[in-house]
Amino acid sequence: MEPESQPSTFLGLSVLPISILSIVLGGLLVLLFFGDYFKRKRSEVQTIAKPEPNAAQKPSKPTQPISKKLHSKSHSHATEKDQSKRHHPLDVNTLKGHGDSVTGLCFSSDGRNLATVCADGVVRVFKLDDASSKSFKFLRINLPVGSHPTAVVFSNGASSLVVAAQTLSGSSLYMYEEGNVKTASETKQQSKLPLPEIKWEHHKVHDKRAILTLVGTSATYGTADGSTIIASCSEGTDIILWHAMSGKIFGNVDTNQLKNNMATISPNGRFIAAAAFTADVKVWEIVYSKDGSVKEVLKVMQLKGHKSAVTWLCFSSNSEQIITASKDGSIRVWNINVRYHLDEDPKTLKVFPIPLHDSKGSTLHYDRMSISPDGKILAATHGSTVQWLCAETGKVLDTADSAHDGDITGIAWAPKSIIMAGTSSTILATAGADKKVKLWVAPPLHPS
């Protein structure tokens, strides 16, 4: 029985190493498999966390040309913009700060103050110490809520002014004047100057019709007392004459010409003239009493000669001539210093063709005109264009085709010279729908 036990023991001993060897080999295979798996996973994580240098540089290469392209385009756009905005040689300054379209402007009698009215409901009075100044001090006056100013005029030097405004109920007039003079102690206590106060106001002065023009002058003719009189012209056919300081109505006239274009007063306060729907211009005389007040307003003459509606007119500085512009393409200079009470008719002194044409060669009409204080230069506008003419010959002295980035809404010469860079200069002001007021120096009469 003993020889049989040896083979079983040997078999048991031979099976054990094989089993252990199988387990060891299996473990090694598992370790190799998982080791390779974790190695690949760690490599992927490292690739995400730390991109290769080449991969990081690839997206940056195309960004540089894009950046340069944008910079180049922006620079090119700025260059084109600068070229289009180059100043006209006569353009000396721009009064900014208006919040909307500037609807009117007016110089004070000494030329040192320029009042503007704006669709933002604000009146601004600029102090023009030097026309070439980089900035201008101005007084801001807010109109009553709901008032949209259309015109402004100084009523007594630079201390008061009258503003025309349109409201839902119709046209209104407001007279602003500086408050009571403060004592020295009160002035020290008050850091800011008091704003002008409303001294008088009138509403529905032309019913619901808008006021087209508002013109004032110091009445010096005959027995006039030198006080300021104002004429308001509605878009209808009526014109009202006012006493500026009191707000009293001196008189009114009716053009009976369907629709007014504008009206103005002669510088000496003697005549009122109106441009309306028809080709004729009617002229009235303001008759003064011995005490200086207005006695009556009489129609005295009619200017006949144009073939189409007169768009604008202005008096010469001596009040003896009227310059008219018509849709018939002509400018006429009239002598009104005639004995009309003896039925002597006004005479046409000169006729000039309007030297402004569109791209097709058709003559354009003038929207507005203003004669320089010395009577030598006529400034006129059409749309956004300003043109300067020799009043004696009608020759074009200069033209600014795009004086404003929109229609020109007002034009006025300073009644006296203004300092510009140390030199006295004749200055023209224009207002526009582009929220700007521009100052222009007069062109030379004999350009080189």
# chains A, B, ... in the order shown; residues from 1 in each chain; ligands from 1

call {"tool": "residues_around", "arguments": {"residues": "stretch 376-391 of chain A", "least_positions_apart": "3", "cutoff": "9 Å", "atoms": "only C-alpha atoms", "output": "NGL selection string"}}
result
:A and (356 or 364-373 or 394-409 or 411-413 or 428 or 430 or 432 or 442-443 or 445)

call {"tool": "write_last_selection", "arguments": {"atoms": "N, CA, C and O atoms", "output": "short mmCIF file (atom, residue, chain, number, x, y, z; two decimals), in the first residue's frame"}}
result
data_model
loop_
_atom_site.label_atom_id
_atom_site.label_comp_id
_atom_site.auth_asym_id
_atom_site.auth_seq_id
_atom_site.Cartn_x
_atom_site.Cartn_y
_atom_site.Cartn_z
N LEU A 356 -26.95 130.49 -58.53
CA LEU A 356 -26.89 129.20 -57.85
C LEU A 356 -27.73 128.21 -58.64
O LEU A 356 -28.90 128.47 -58.93
N LEU A 364 -31.64 127.80 -58.74
CA LEU A 364 -32.25 127.59 -57.43
C LEU A 364 -32.66 128.94 -56.84
O LEU A 364 -32.07 129.97 -57.16
N HIS A 365 -33.63 128.95 -55.96
CA HIS A 365 -34.03 130.20 -55.31
C HIS A 365 -33.38 130.31 -53.94
O HIS A 365 -32.97 129.30 -53.35
N TYR A 366 -33.28 131.51 -53.44
CA TYR A 366 -32.71 131.74 -52.11
C TYR A 366 -33.79 131.60 -51.05
O TYR A 366 -34.89 132.14 -51.19
N ASP A 367 -33.44 130.90 -49.97
CA ASP A 367 -34.37 130.75 -48.84
C ASP A 367 -34.31 131.96 -47.91
O ASP A 367 -35.32 132.39 -47.36
N ARG A 368 -33.08 132.50 -47.73
CA ARG A 368 -32.86 133.61 -46.79
C ARG A 368 -31.76 134.52 -47.32
O ARG A 368 -30.89 134.07 -48.06
N MET A 369 -31.81 135.78 -46.90
CA MET A 369 -30.78 136.73 -47.30
C MET A 369 -30.51 137.69 -46.14
O MET A 369 -31.38 137.93 -45.30
N SER A 370 -29.30 138.25 -46.13
CA SER A 370 -28.94 139.26 -45.14
C SER A 370 -27.82 140.12 -45.72
O SER A 370 -26.87 139.59 -46.30
N ILE A 371 -27.95 141.44 -45.58
CA ILE A 371 -26.96 142.37 -46.12
C ILE A 371 -26.00 142.78 -45.01
O ILE A 371 -26.40 142.97 -43.86
N SER A 372 -24.71 142.86 -45.33
CA SER A 372 -23.70 143.22 -44.33
C SER A 372 -23.93 144.65 -43.85
O SER A 372 -24.56 145.46 -44.55
N PRO A 373 -23.44 144.99 -42.65
CA PRO A 373 -23.66 146.33 -42.08
C PRO A 373 -23.20 147.47 -42.98
O PRO A 373 -23.82 148.53 -43.00
N GLY A 394 -23.46 141.85 -58.03
CA GLY A 394 -24.10 140.54 -58.04
C GLY A 394 -23.13 139.40 -58.27
O GLY A 394 -23.52 138.24 -58.37
N LYS A 395 -21.84 139.72 -58.33
CA LYS A 395 -20.81 138.71 -58.56
C LYS A 395 -20.63 137.84 -57.32
O LYS A 395 -20.68 138.33 -56.19
N VAL A 396 -20.41 136.53 -57.54
CA VAL A 396 -20.20 135.60 -56.44
C VAL A 396 -18.81 135.82 -55.84
O VAL A 396 -17.80 135.74 -56.55
N LEU A 397 -18.77 136.06 -54.54
CA LEU A 397 -17.50 136.23 -53.84
C LEU A 397 -16.99 134.91 -53.29
O LEU A 397 -15.79 134.65 -53.27
N ASP A 398 -17.92 134.07 -52.84
CA ASP A 398 -17.56 132.74 -52.33
C ASP A 398 -18.82 131.92 -52.11
O ASP A 398 -19.93 132.46 -52.00
N THR A 399 -18.64 130.60 -52.04
CA THR A 399 -19.75 129.68 -51.82
C THR A 399 -19.31 128.55 -50.91
O THR A 399 -18.23 127.99 -51.10
N ALA A 400 -20.14 128.22 -49.93
CA ALA A 400 -19.92 127.05 -49.07
C ALA A 400 -21.06 126.08 -49.34
O ALA A 400 -22.19 126.30 -48.91
N ASP A 401 -20.77 125.02 -50.10
CA ASP A 401 -21.82 124.11 -50.56
C ASP A 401 -22.48 123.31 -49.43
O ASP A 401 -23.67 123.06 -49.47
N SER A 402 -21.70 122.89 -48.48
CA SER A 402 -22.26 122.13 -47.34
C SER A 402 -21.87 122.84 -46.05
O SER A 402 -21.11 122.32 -45.24
N ALA A 403 -22.42 124.02 -45.89
CA ALA A 403 -22.09 124.83 -44.71
C ALA A 403 -22.57 124.16 -43.43
O ALA A 403 -21.93 124.28 -42.38
N HIS A 404 -23.69 123.44 -43.51
CA HIS A 404 -24.24 122.70 -42.38
C HIS A 404 -24.61 121.30 -42.84
O HIS A 404 -24.80 121.06 -44.04
N ASP A 405 -24.72 120.38 -41.88
CA ASP A 405 -25.16 119.01 -42.18
C ASP A 405 -26.68 118.94 -42.12
O ASP A 405 -27.27 118.07 -41.47
N GLY A 406 -27.32 119.85 -42.81
CA GLY A 406 -28.78 119.95 -42.80
C GLY A 406 -29.16 121.34 -43.28
O GLY A 406 -28.31 122.19 -43.54
N ASP A 407 -30.47 121.60 -43.38
CA ASP A 407 -30.93 122.89 -43.86
C ASP A 407 -30.52 124.02 -42.91
O ASP A 407 -30.51 123.85 -41.69
N ILE A 408 -30.21 125.16 -43.50
CA ILE A 408 -29.89 126.36 -42.71
C ILE A 408 -31.20 127.01 -42.30
O ILE A 408 -32.08 127.26 -43.13
N THR A 409 -31.35 127.29 -41.01
CA THR A 409 -32.61 127.79 -40.47
C THR A 409 -32.57 129.27 -40.09
O THR A 409 -33.61 129.85 -39.78
N ILE A 411 -29.96 133.17 -40.48
CA ILE A 411 -28.76 133.84 -40.97
C ILE A 411 -28.79 135.29 -40.49
O ILE A 411 -29.84 135.93 -40.52
N ALA A 412 -27.64 135.79 -40.02
CA ALA A 412 -27.60 137.17 -39.53
C ALA A 412 -26.17 137.67 -39.49
O ALA A 412 -25.25 136.94 -39.11
N TRP A 413 -25.98 138.93 -39.90
CA TRP A 413 -24.68 139.59 -39.76
C TRP A 413 -24.60 140.26 -38.41
O TRP A 413 -25.60 140.81 -37.92
N LEU A 428 -20.56 136.78 -39.99
CA LEU A 428 -21.89 136.27 -40.32
C LEU A 428 -22.14 135.03 -39.47
O LEU A 428 -21.25 134.20 -39.30
N THR A 430 -24.74 131.63 -38.97
CA THR A 430 -25.78 130.79 -39.56
C THR A 430 -26.19 129.71 -38.56
O THR A 430 -25.36 129.19 -37.82
N GLY A 432 -28.43 125.97 -38.06
CA GLY A 432 -28.83 124.83 -38.88
C GLY A 432 -29.60 123.78 -38.13
O GLY A 432 -29.65 123.75 -36.89
N ALA A 442 -16.31 137.61 -43.24
CA ALA A 442 -16.71 138.12 -44.55
C ALA A 442 -15.60 137.89 -45.58
O ALA A 442 -14.42 138.08 -45.27
N PRO A 443 -15.96 137.51 -46.80
CA PRO A 443 -14.94 137.31 -47.84
C PRO A 443 -14.43 138.65 -48.35
O PRO A 443 -15.12 139.67 -48.24
N LEU A 445 -13.79 141.60 -50.94
CA LEU A 445 -14.56 142.07 -52.08
C LEU A 445 -13.84 141.86 -53.40
O LEU A 445 -14.46 141.73 -54.45
#

call {"tool": "select_by_dssp", "arguments": {"residues": "stretch 138-256 of chain A", "states": "strand (DSSP E)", "output": "ChimeraX atom specification"}}
result
/A:138-142,148-154,160-167,170-177,197-203,205-208,211-218,228-234,238-243,249-254

call {"tool": "closest_residue", "arguments": {"among": "A:His357, A:Lys134, A:Arg112, A:His243", "to": "A:Leu95", "atoms": "only C-alpha atoms"}}
result
A:Lys134

call {"tool": "closest_atom_pairs", "arguments": {"of": "stretch 249-302 of chain A", "to": "stretch 308-325 of chain A", "cutoff": "9 Å", "atoms": "only C-alpha atoms", "output": "CSV"}}
result
residue,atom,partner,partner_atom,distance
A:Asn261,CA,A:Thr311,CA,6.2
A:Met262,CA,A:Trp312,CA,6.7
A:Ala263,CA,A:Leu313,CA,7.9
A:Thr264,CA,A:Cys314,CA,7.1
A:Ile265,CA,A:Phe315,CA,7.7
A:Ser266,CA,A:Ser319,CA,5.3
A:Pro267,CA,A:Ser319,CA,5.9
A:Asn268,CA,A:Ser319,CA,6.4
A:Gly269,CA,A:Ser319,CA,8.6
A:Arg270,CA,A:Ser319,CA,8.0
A:Phe271,CA,A:Ser319,CA,8.1
A:Ala273,CA,A:Leu313,CA,8.1
A:Ala274,CA,A:Leu313,CA,7.8
A:Ala275,CA,A:Val310,CA,5.5
A:Ala276,CA,A:Val310,CA,6.4
A:Phe277,CA,A:Ala309,CA,5.5
A:Thr278,CA,A:Ala309,CA,4.7
A:Ala279,CA,A:Ala309,CA,4.2
A:Asp280,CA,A:Val310,CA,7.3
A:Val281,CA,A:Val310,CA,7.5

call {"tool": "atom_distance", "arguments": {"atom1": "atom CA of A:His446", "atom2": "atom CA of A:Val333"}}
result
21.4 Å
